[in-house]
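The file upload.csv contains CSV, C-alpha atoms and all ligand atoms:
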chain,number,residue,atom,x,y,z
G,1,MET,CA,76.6,115.7,100.1
G,2,SER,CA,74.5,113.5,102.4
G,3,ASN,CA,71.3,113.6,100.3
G,4,GLN,CA,73.1,112.3,97.2
G,5,THR,CA,72.1,108.7,96.2
G,6,PRO,CA,75.0,106.4,97.1
G,7,VAL,CA,76.4,104.4,94.2
G,8,ILE,CA,76.5,101.3,96.4
G,9,GLU,CA,74.7,100.7,99.6
G,10,LEU,CA,74.3,97.7,102.0
G,11,ARG,CA,71.2,97.7,104.2
G,12,ASN,CA,71.1,95.4,107.2
G,13,VAL,CA,73.0,92.7,105.5
G,14,ASP,CA,73.5,89.4,107.4
G,15,LYS,CA,75.5,86.5,106.0
G,16,SER,CA,75.5,83.1,107.5
G,17,PHE,CA,77.1,79.9,106.3
G,18,GLY,CA,74.7,77.2,107.7
G,19,PRO,CA,74.8,77.8,111.5
G,20,ILE,CA,77.8,80.1,111.3
G,21,ASP,CA,76.9,83.8,111.4
G,22,VAL,CA,79.6,85.8,109.8
G,23,LEU,CA,78.1,89.2,109.1
G,24,HIS,CA,75.5,91.0,111.3
G,25,GLU,CA,73.4,93.9,110.2
G,26,ILE,CA,75.9,95.6,108.0
G,27,SER,CA,74.8,98.9,106.7
G,28,LEU,CA,77.2,101.0,104.6
G,29,LYS,CA,77.0,103.6,101.8
G,30,VAL,CA,79.6,104.7,99.3
G,31,ASN,CA,79.1,107.8,97.2
G,32,ALA,CA,80.7,108.5,93.8
G,33,GLY,CA,84.2,109.9,94.2
G,34,GLU,CA,84.6,108.5,97.7
G,35,VAL,CA,86.8,105.9,99.2
G,36,LEU,CA,85.4,103.8,102.0
G,37,CYS,CA,88.2,102.0,104.0
G,38,LEU,CA,87.1,98.7,105.4
G,39,LEU,CA,89.3,97.9,108.4
G,40,GLY,CA,89.3,95.0,110.8
G,41,ASP,CA,91.4,92.2,112.2
G,42,ASN,CA,91.9,88.7,110.6
G,43,GLY,CA,88.6,86.9,110.4
G,44,ALA,CA,86.5,90.0,111.0
G,45,GLY,CA,84.5,89.3,107.9
G,46,LYS,CA,86.0,91.8,105.4
G,47,SER,CA,86.4,89.3,102.6
G,48,THR,CA,83.0,87.8,103.2
G,49,LEU,CA,81.5,91.3,103.0
G,50,ILE,CA,83.1,92.1,99.6
G,51,LYS,CA,82.3,88.7,98.3
G,52,THR,CA,78.7,89.4,99.1
G,53,LEU,CA,79.0,92.7,97.1
G,54,ALA,CA,80.8,91.0,94.3
G,55,GLY,CA,78.1,88.3,93.7
G,56,VAL,CA,80.2,85.4,95.1
G,57,HIS,CA,77.8,85.0,98.1
G,58,SER,CA,74.2,86.1,98.4
G,59,PRO,CA,73.2,87.9,101.6
G,60,THR,CA,71.2,85.7,104.0
G,61,ARG,CA,69.1,88.8,104.9
G,62,GLY,CA,69.2,92.5,103.9
G,63,GLN,CA,69.7,94.3,100.7
G,64,ILE,CA,72.4,95.6,98.3
G,65,LEU,CA,71.4,98.7,96.4
G,66,LEU,CA,73.1,100.1,93.3
G,67,ASP,CA,72.1,103.7,92.6
G,68,GLY,CA,69.3,103.3,95.1
G,69,LYS,CA,67.9,100.2,93.3
G,70,PRO,CA,67.9,96.8,95.1
G,71,MET,CA,70.0,94.2,93.3
G,72,ARG,CA,70.4,90.5,93.5
G,73,PHE,CA,73.5,88.9,92.1
G,74,SER,CA,73.6,85.2,91.7
G,75,ARG,CA,77.1,85.0,90.4
G,76,PRO,CA,80.1,87.3,90.1
G,77,LYS,CA,79.4,88.0,86.4
G,78,ASP,CA,76.1,89.7,87.4
G,79,ALA,CA,77.9,92.1,89.7
G,80,GLN,CA,80.6,92.7,87.0
G,81,GLU,CA,78.1,93.5,84.4
G,82,LYS,CA,76.6,96.2,86.7
G,83,GLY,CA,80.0,97.8,87.0
G,84,ILE,CA,81.2,96.3,90.3
G,85,ALA,CA,84.9,95.4,89.8
G,86,THR,CA,86.9,93.5,92.3
G,87,VAL,CA,90.7,93.5,92.3
G,88,HIS,CA,92.3,90.8,94.3
G,89,GLN,CA,95.6,90.9,96.1
G,90,PHE,CA,97.8,90.0,93.1
G,91,GLY,CA,95.9,92.1,90.7
G,92,GLY,CA,93.8,89.3,89.3
G,93,THR,CA,95.8,89.2,86.1
G,94,PHE,CA,97.5,86.4,84.4
G,95,PRO,CA,101.3,86.3,84.7
G,96,LEU,CA,101.9,84.4,81.4
G,97,MET,CA,99.8,86.8,79.3
G,98,THR,CA,101.0,90.0,77.7
G,99,ILE,CA,99.7,93.3,79.0
G,100,GLY,CA,97.6,93.8,75.9
G,101,ARG,CA,96.0,90.3,76.1
G,102,SER,CA,95.3,90.4,79.8
G,103,PHE,CA,93.7,93.8,79.4
G,104,PHE,CA,91.1,92.3,77.1
G,105,ALA,CA,90.8,88.9,78.7
G,106,GLY,CA,87.2,88.0,79.3
G,107,VAL,CA,85.8,90.9,77.3
G,108,GLU,CA,83.2,89.6,75.0
G,109,PRO,CA,83.4,90.7,71.4
G,110,THR,CA,79.6,90.7,71.1
G,111,LYS,CA,79.2,93.4,73.6
G,112,GLY,CA,80.3,96.1,71.2
G,113,ILE,CA,83.2,97.1,73.4
G,114,TRP,CA,85.5,95.1,71.2
G,115,PRO,CA,84.6,95.5,67.6
G,116,PHE,CA,87.1,93.0,66.2
G,117,LYS,CA,86.3,89.4,65.4
G,118,VAL,CA,90.0,88.6,65.3
G,119,PHE,CA,92.2,89.8,68.1
G,120,ASP,CA,94.1,92.8,66.9
G,121,ARG,CA,97.3,92.6,68.8
G,122,SER,CA,98.7,96.0,68.1
G,123,LYS,CA,95.4,97.8,68.6
G,124,ALA,CA,94.9,95.9,71.9
G,125,ASN,CA,98.4,96.9,73.1
G,126,GLN,CA,97.8,100.5,72.1
G,127,ILE,CA,94.6,100.8,74.0
G,128,ALA,CA,95.9,98.9,77.1
G,129,VAL,CA,99.1,101.0,77.2
G,130,LYS,CA,97.2,104.3,76.8
G,131,ALA,CA,94.7,103.3,79.6
G,132,VAL,CA,97.5,102.5,81.9
G,133,GLN,CA,99.5,105.6,81.1
G,134,ASP,CA,96.5,107.8,81.6
G,135,PHE,CA,96.7,106.6,85.2
G,136,GLY,CA,100.2,108.0,85.4
G,137,ILE,CA,102.0,104.7,85.0
G,138,THR,CA,104.3,105.8,82.3
G,139,ARG,CA,106.8,103.0,82.8
G,140,ILE,CA,104.5,100.6,81.1
G,141,ASP,CA,105.0,101.4,77.4
G,142,ASP,CA,105.0,98.0,75.7
G,143,GLY,CA,101.8,96.0,75.5
G,144,ASP,CA,103.8,92.9,74.4
G,145,ARG,CA,105.5,92.6,77.8
G,146,LEU,CA,104.3,89.8,80.0
G,147,VAL,CA,102.2,90.7,83.1
G,148,GLY,CA,104.4,88.3,85.1
G,149,GLY,CA,107.4,90.7,84.5
G,150,LEU,CA,105.6,93.6,86.1
G,151,SER,CA,106.2,94.6,89.7
G,152,GLY,CA,103.3,93.9,92.2
G,153,GLY,CA,102.4,97.6,92.2
G,154,GLU,CA,102.3,97.8,88.5
G,155,ARG,CA,100.2,94.7,88.3
G,156,GLN,CA,97.7,96.2,90.7
G,157,SER,CA,97.7,99.5,88.8
G,158,LEU,CA,97.1,97.6,85.5
G,159,ALA,CA,94.1,95.8,87.1
G,160,ILE,CA,92.6,99.1,88.4
G,161,ALA,CA,93.2,100.9,85.1
G,162,ARG,CA,91.5,98.0,83.3
G,163,ALA,CA,88.4,98.1,85.6
G,164,VAL,CA,88.1,101.8,85.1
G,165,HIS,CA,88.5,101.5,81.3
G,166,PHE,CA,85.7,99.0,81.0
G,167,GLY,CA,83.3,101.2,82.9
G,168,ALA,CA,83.5,100.1,86.6
G,169,ARG,CA,81.5,102.3,88.9
G,170,VAL,CA,82.4,100.5,92.1
G,171,LEU,CA,86.0,99.4,92.6
G,172,ILE,CA,86.6,96.9,95.4
G,173,LEU,CA,90.3,96.4,96.4
G,174,ASP,CA,91.0,93.6,98.8
G,175,GLU,CA,94.4,94.5,100.4
G,176,PRO,CA,96.0,95.8,97.3
G,177,THR,CA,99.0,97.2,99.2
G,178,ALA,CA,99.6,94.2,101.6
G,179,ALA,CA,102.5,92.7,99.7
G,180,LEU,CA,104.1,95.9,98.5
G,181,GLY,CA,107.1,97.9,99.6
G,182,VAL,CA,106.7,101.6,100.5
G,183,LYS,CA,107.2,103.1,97.1
G,184,GLN,CA,105.0,100.6,95.3
G,185,ALA,CA,102.3,101.0,97.9
G,186,ALA,CA,102.5,104.8,97.4
G,187,HIS,CA,102.0,104.2,93.7
G,188,VAL,CA,98.9,102.1,94.2
G,189,LEU,CA,97.5,104.7,96.6
G,190,ARG,CA,98.0,107.4,94.0
G,191,ILE,CA,96.0,105.3,91.5
G,192,VAL,CA,93.3,104.8,94.1
G,193,ASN,CA,93.1,108.6,94.4
G,194,GLU,CA,92.9,108.9,90.6
G,195,ALA,CA,90.0,106.4,90.5
G,196,LYS,CA,88.2,108.4,93.1
G,197,ARG,CA,88.9,111.7,91.2
G,198,ARG,CA,87.2,110.0,88.2
G,199,GLY,CA,84.1,109.5,90.3
G,200,LEU,CA,84.3,105.8,91.2
G,201,ALA,CA,83.0,104.6,94.5
G,202,VAL,CA,85.9,102.7,96.0
G,203,ILE,CA,86.0,100.2,98.8
G,204,PHE,CA,89.5,99.7,100.1
G,205,ILE,CA,90.5,96.9,102.5
G,206,THR,CA,93.7,97.2,104.3
G,207,HIS,CA,95.4,96.3,107.6
G,208,GLN,CA,97.7,99.3,107.3
G,209,VAL,CA,96.3,102.3,109.0
G,210,MET,CA,98.6,104.7,107.2
G,211,HIS,CA,97.4,103.5,103.8
G,212,ALA,CA,93.8,103.8,104.9
G,213,MET,CA,94.4,107.4,106.1
G,214,ALA,CA,96.2,108.3,102.9
G,215,VAL,CA,93.1,107.6,100.7
G,216,GLY,CA,90.0,107.2,102.9
G,217,ASP,CA,87.1,109.6,103.1
G,218,HIS,CA,85.1,107.3,105.3
G,219,PHE,CA,86.1,104.3,107.5
G,220,ALA,CA,84.3,101.3,108.8
G,221,VAL,CA,85.8,98.9,111.3
G,222,LEU,CA,84.5,95.4,111.4
G,223,ILE,CA,84.8,93.4,114.6
G,224,ARG,CA,83.5,89.8,114.5
G,225,GLY,CA,81.2,90.6,111.6
G,226,ALA,CA,79.6,93.7,112.9
G,227,ILE,CA,80.4,97.4,112.3
G,228,ALA,CA,82.1,98.5,115.5
G,229,ALA,CA,82.9,102.0,114.3
G,230,ASP,CA,81.9,104.1,111.3
G,231,PHE,CA,83.5,107.5,111.0
G,232,ARG,CA,84.7,110.1,108.5
G,233,LYS,CA,88.2,111.4,107.7
G,234,GLY,CA,89.6,113.5,110.5
G,235,GLU,CA,87.3,112.2,113.2
G,236,LYS,CA,89.7,109.8,114.8
G,237,SER,CA,93.5,109.7,115.3
G,238,ARG,CA,95.8,107.1,114.0
G,239,GLU,CA,96.2,105.7,117.5
G,240,GLU,CA,92.4,105.4,117.9
G,241,ILE,CA,92.1,103.7,114.5
G,242,THR,CA,94.9,101.2,115.3
G,243,ASP,CA,93.2,100.3,118.6
G,244,LEU,CA,89.9,99.8,116.9
G,245,MET,CA,91.5,97.5,114.3
G,246,ALA,CA,93.0,95.4,117.1
G,247,GLY,CA,89.5,94.6,118.2
G,248,GLY,CA,89.2,97.4,120.8
G,249,GLU,CA,92.3,96.5,122.7
G,250,THR,CA,94.7,99.4,123.4
G,251,MET,CA,97.9,98.8,121.5
G,252,SER,CA,99.9,100.8,124.1
G,253,ASP,CA,98.8,98.2,126.8
G,254,LEU,CA,100.0,95.4,124.5
G,255,GLU,CA,103.3,97.1,123.9
G,256,ALA,CA,103.8,97.5,127.6
G,257,GLN,CA,103.1,93.8,128.1
G,258,ILE,CA,105.6,92.9,125.5
G,259,GLU,CA,108.2,95.1,127.1
G,260,GLY,CA,107.5,93.6,130.5
G,261,TYR,CA,107.9,90.1,129.0
G,262,MET,CA,111.2,91.1,127.4
G,263,GLU,CA,112.6,92.4,130.7
G,264,THR,CA,112.1,89.1,132.3
G,265,HIS,CA,113.2,87.0,129.3
G,266,ASP,CA,116.7,88.3,128.6
G,267,GLY,CA,115.4,90.9,126.1
G,268,HIS,CA,113.8,88.2,123.9
G,269,PRO,CA,110.4,89.1,122.5
G,270,PRO,CA,107.6,86.6,123.0
G,271,GLN,CA,107.2,83.9,120.3
G,272,VAL,CA,104.6,85.0,117.7
G,273,ALA,CA,101.5,82.8,118.0
G,274,SER,CA,100.5,80.9,114.9
G,275,GLN,CA,98.2,82.6,112.5
G,276,SER,CA,95.8,79.7,112.4
G,277,ASP,CA,94.3,80.3,115.8
G,278,ALA,CA,93.5,84.0,115.0
X,1,LIG,N1,82.3,79.7,103.3
X,1,LIG,C1,82.4,79.8,104.6
X,1,LIG,N2,81.9,78.9,105.5
X,1,LIG,C2,82.0,79.1,106.8
X,1,LIG,N3,82.7,80.1,107.4
X,1,LIG,C3,83.2,81.0,106.6
X,1,LIG,C4,83.2,80.9,105.2
X,1,LIG,N4,83.8,82.0,104.7
X,1,LIG,C5,84.3,82.7,105.7
X,1,LIG,N5,83.9,82.1,106.9
X,1,LIG,C6,84.3,82.5,108.3
X,1,LIG,O1,83.9,83.9,108.4
X,1,LIG,C7,84.8,84.6,109.2
X,1,LIG,C8,85.3,85.9,108.4
X,1,LIG,O2,86.2,85.5,107.4
X,1,LIG,P1,86.7,86.5,106.3
X,1,LIG,O3,87.5,85.8,105.3
X,1,LIG,O4,85.6,87.3,105.8
X,1,LIG,O5,87.6,87.5,107.2
X,1,LIG,P2,88.6,88.7,106.8
X,1,LIG,O6,88.1,89.8,107.6
X,1,LIG,O7,88.6,88.8,105.4
X,1,LIG,O8,90.0,88.2,107.4
X,1,LIG,P3,91.5,88.4,106.8
X,1,LIG,O9,91.9,89.8,107.3
X,1,LIG,O10,92.3,87.3,107.5
X,1,LIG,O11,91.5,88.3,105.3
X,1,LIG,C9,86.0,83.6,109.5
X,1,LIG,O12,85.7,83.2,110.8
X,1,LIG,C10,85.8,82.5,108.5
X,1,LIG,O13,86.2,81.3,109.0
X,2,MG,MG,90.2,88.7,103.9

What is this file in structure tokens?
Amino acid sequence: MSNQTPVIELRNVDKSFGPIDVLHEISLKVNAGEVLCLLGDNGAGKSTLIKTLAGVHSPTRGQILLDGKPMRFSRPKDAQEKGIATVHQFGGTFPLMTIGRSFFAGVEPTKGIWPFKVFDRSKANQIAVKAVQDFGITRIDDGDRLVGGLSGGERQSLAIARAVHFGARVLILDEPTAALGVKQAAHVLRIVNEAKRRGLAVIFITHQVMHAMAVGDHFAVLIRGAIAADFRKGEKSREEITDLMAGGETMSDLEAQIEGYMETHDGHPPQVASQSDA
């Protein structure tokens, strides 16, 4: 296992925006058929890290390697063309498009992937519906339906199926389950497992420890832009992972503090601090 060439690797990557250092010496590897869960509190640098992989930002120092070869992406399209697909929180799809249309949006006819000069609606629908159903989403059976009418989980699933259909080798998912209920999240997690079974290298960002544990083979915790912990499945308990994600503080101490507060404040919990100062 360990002497296999990783599909994607970061070597000592730093990223600064002017004087602001956001990422420090990030080294990570993801093999084919593996899920790396990237964990960390708000502002830890997770999105910056994946934007660096996706060609939105260039690393200030260090290297990105794809199949062992150093790469330089100057724009997101460069990364996409190399098979690095990023799915954003709302699936990155277009609510007012039909399923068939959105599946082929941005796919250039000259690439040979799409052999039709004129958009063939029924063919497009057929291919899109089949790709999605192959992922086990059998409830999507009509390519003429609007993407906006799909549930959040179905939209995520459509975006993942689309990335896999067009040959993605690296799938980056930035909090795909954040806005989903329990059943929908389980559905997306199943699809992530299916992408992994098909041999993709998956990078999965989440704040939910249970979701990470359901799919992750390998975990990396970012704290203030540096990798604070890097471990494999089974090496840490749920409690240990939760504490790491909270920036190394013990959640049980925090819970005790909240309880103490409530005892002296008529059972009222403390006011939640605003997100902006996180
Ligand atoms: N273009 C930029 N210029 C300056 N600072 C930036 C820029 N982009 C991000 N940052 C800073 O980098 C830090 C990490 O941000 P990032 O969005 O990567 O965090 P995150 O881990 O994705 O957080 P969240 O969980 O809230 O999504 C933050 O302090 C942010 O303000
Ligand atoms: Mg983020």

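For the choices G:Glu25, G:Asp120, G:Asp174, G:Asp142, the atom-to-atom distance to ligand LIG 1 (chain X) is smallest for G:Asp174 when using all atoms listed in the file.
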
* To do: Go through the chains and note each residue within 10 Å of ligand LIG 1 (chain X), using all atoms listed in the file, then give the set as a ChimeraX atom specification.
  => /G:15-23,38-52,57,174-175,205-207,222-225,275-276,278

* Selected residue of minimal separation from ligand MG 2 (chain X) among G:His268, G:His187, G:His88, G:Lys130, counting only C-alpha atoms and all ligand atoms ->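 Looking only at the distances to ligand MG 2 (chain X), the closest residue turns out to be G:His88.
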
For range 143-147 of chain G, please output as a PDB file with C-alpha atoms, in the frame of the given file all residues within 12 Å (counting only C-alpha atoms; exclusion window: fewer than 3 positions along the same chain).
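out-v9.pdb, freshly written:
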ATOM      1  CA  PHE G  90      97.800  90.000  93.100  1.00  0.00           C
ATOM      2  CA  GLY G  91      95.900  92.100  90.700  1.00  0.00           C
ATOM      3  CA  GLY G  92      93.800  89.300  89.300  1.00  0.00           C
ATOM      4  CA  THR G  93      95.800  89.200  86.100  1.00  0.00           C
ATOM      5  CA  PHE G  94      97.500  86.400  84.400  1.00  0.00           C
ATOM      6  CA  PRO G  95     101.300  86.300  84.700  1.00  0.00           C
ATOM      7  CA  LEU G  96     101.900  84.400  81.400  1.00  0.00           C
ATOM      8  CA  MET G  97      99.800  86.800  79.300  1.00  0.00           C
ATOM      9  CA  THR G  98     101.000  90.000  77.700  1.00  0.00           C
ATOM     10  CA  ILE G  99      99.700  93.300  79.000  1.00  0.00           C
ATOM     11  CA  GLY G 100      97.600  93.800  75.900  1.00  0.00           C
ATOM     12  CA  ARG G 101      96.000  90.300  76.100  1.00  0.00           C
ATOM     13  CA  SER G 102      95.300  90.400  79.800  1.00  0.00           C
ATOM     14  CA  PHE G 103      93.700  93.800  79.400  1.00  0.00           C
ATOM     15  CA  PHE G 104      91.100  92.300  77.100  1.00  0.00           C
ATOM     16  CA  ASP G 120      94.100  92.800  66.900  1.00  0.00           C
ATOM     17  CA  ARG G 121      97.300  92.600  68.800  1.00  0.00           C
ATOM     18  CA  SER G 122      98.700  96.000  68.100  1.00  0.00           C
ATOM     19  CA  LYS G 123      95.400  97.800  68.600  1.00  0.00           C
ATOM     20  CA  ALA G 124      94.900  95.900  71.900  1.00  0.00           C
ATOM     21  CA  ASN G 125      98.400  96.900  73.100  1.00  0.00           C
ATOM     22  CA  GLN G 126      97.800 100.500  72.100  1.00  0.00           C
ATOM     23  CA  ILE G 127      94.600 100.800  74.000  1.00  0.00           C
ATOM     24  CA  ALA G 128      95.900  98.900  77.100  1.00  0.00           C
ATOM     25  CA  VAL G 129      99.100 101.000  77.200  1.00  0.00           C
ATOM     26  CA  LYS G 130      97.200 104.300  76.800  1.00  0.00           C
ATOM     27  CA  ALA G 131      94.700 103.300  79.600  1.00  0.00           C
ATOM     28  CA  VAL G 132      97.500 102.500  81.900  1.00  0.00           C
ATOM     29  CA  GLN G 133      99.500 105.600  81.100  1.00  0.00           C
ATOM     30  CA  ARG G 139     106.800 103.000  82.800  1.00  0.00           C
ATOM     31  CA  ILE G 140     104.500 100.600  81.100  1.00  0.00           C
ATOM     32  CA  LEU G 150     105.600  93.600  86.100  1.00  0.00           C
ATOM     33  CA  SER G 151     106.200  94.600  89.700  1.00  0.00           C
ATOM     34  CA  GLY G 152     103.300  93.900  92.200  1.00  0.00           C
ATOM     35  CA  GLY G 153     102.400  97.600  92.200  1.00  0.00           C
ATOM     36  CA  GLU G 154     102.300  97.800  88.500  1.00  0.00           C
ATOM     37  CA  ARG G 155     100.200  94.700  88.300  1.00  0.00           C
ATOM     38  CA  GLN G 156      97.700  96.200  90.700  1.00  0.00           C
ATOM     39  CA  SER G 157      97.700  99.500  88.800  1.00  0.00           C
ATOM     40  CA  LEU G 158      97.100  97.600  85.500  1.00  0.00           C
ATOM     41  CA  ALA G 159      94.100  95.800  87.100  1.00  0.00           C
TER      42      ALA G 159
END

* To do: State, in Å with one decimal place, the distance from CA of Ala220 in chain G to CA of Asn31 in chain G.
  =>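 Value for the CA of Ala220 in chain G-CA of Asn31 in chain G distance: 14.3 Å.
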
* In Å, how far is it from CA of Arg162 in chain G to CA of Val30 in chain G? ->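 A separation of 21.0 Å between them.
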
* Asked: So how many Å separate CA of Gly148 in chain G and CA of Val35 in chain G, to one decimal?
  ->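 These two atoms are separated by 28.6 Å.
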
I'd like a table as CSV: residues in range 22-45 of chain G with an atom no more than 12 Å from range 64-79 of chain G, each row giving the shortest atom pair and its distance in Å to one decimal, all atoms listed in the file counted, sorted by chain and rising residue number.
residue,atom,partner,partner_atom,distance
G:Ile26,CA,G:Ile64,CA,10.3
G:Ser27,CA,G:Ile64,CA,9.3
G:Leu28,CA,G:Ile64,CA,9.6
G:Lys29,CA,G:Leu65,CA,9.2
G:Val30,CA,G:Leu66,CA,10.0
G:Asn31,CA,G:Asp67,CA,9.3
G:Ala32,CA,G:Asp67,CA,9.9

Contacts of range 127-187 of chain G with range 80-87 of chain G up to 6 Å, shortest pair per row, all atoms listed in the file, as a Markdown table:
| residue | atom | partner | partner_atom | distance |
| --- | --- | --- | --- | --- |
| G:Ala168 | CA | G:Gly83 | CA | 4.2 |
| G:Arg169 | CA | G:Gly83 | CA | 5.1 |
| G:Val170 | CA | G:Ile84 | CA | 4.7 |
| G:Leu171 | CA | G:Ala85 | CA | 5.0 |
| G:Ile172 | CA | G:Thr86 | CA | 4.6 |
| G:Leu173 | CA | G:Val87 | CA | 5.0 |

* Asked: Taking (80.4, 112.6, 90.0) in the file's coordinates as the center, which residues reach within 10 Å of it, counting all atoms listed in the file, put as a ChimeraX atom specification?
  -> /G:31-34,196-201

* Selected residue, from G:Ala186, G:Ala178, G:Val7, G:Leu244, that lies nearest to ligand MG 2 (chain X) when counting only C-alpha atoms and all ligand atoms ->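 Looking only at the distances to ligand MG 2 (chain X), the closest residue turns out to be G:Ala178.
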
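The shortest atom-to-atom distance to ligand MG 2 (chain X), with only C-alpha atoms and all ligand atoms taken into account, belongs to G:Phe204 out of G:Arg190, G:Met210, G:Ala161, G:Phe204.
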
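Remark: for Ser237 in chain G, the closest of the candidate residues G:Ala212, G:Val182, G:Thr138, G:Tyr261 is G:Ala212 (distances computed over all atoms listed in the file).
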
* Which residue of G:Gly149, G:Gly267, G:Pro176, G:Gly234 approaches ligand MG 2 (chain X) most closely, using all atoms listed in the file ->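 Of G:Gly149, G:Gly267, G:Pro176, G:Gly234, the one nearest ligand MG 2 (chain X), counting all atoms listed in the file, is G:Pro176.
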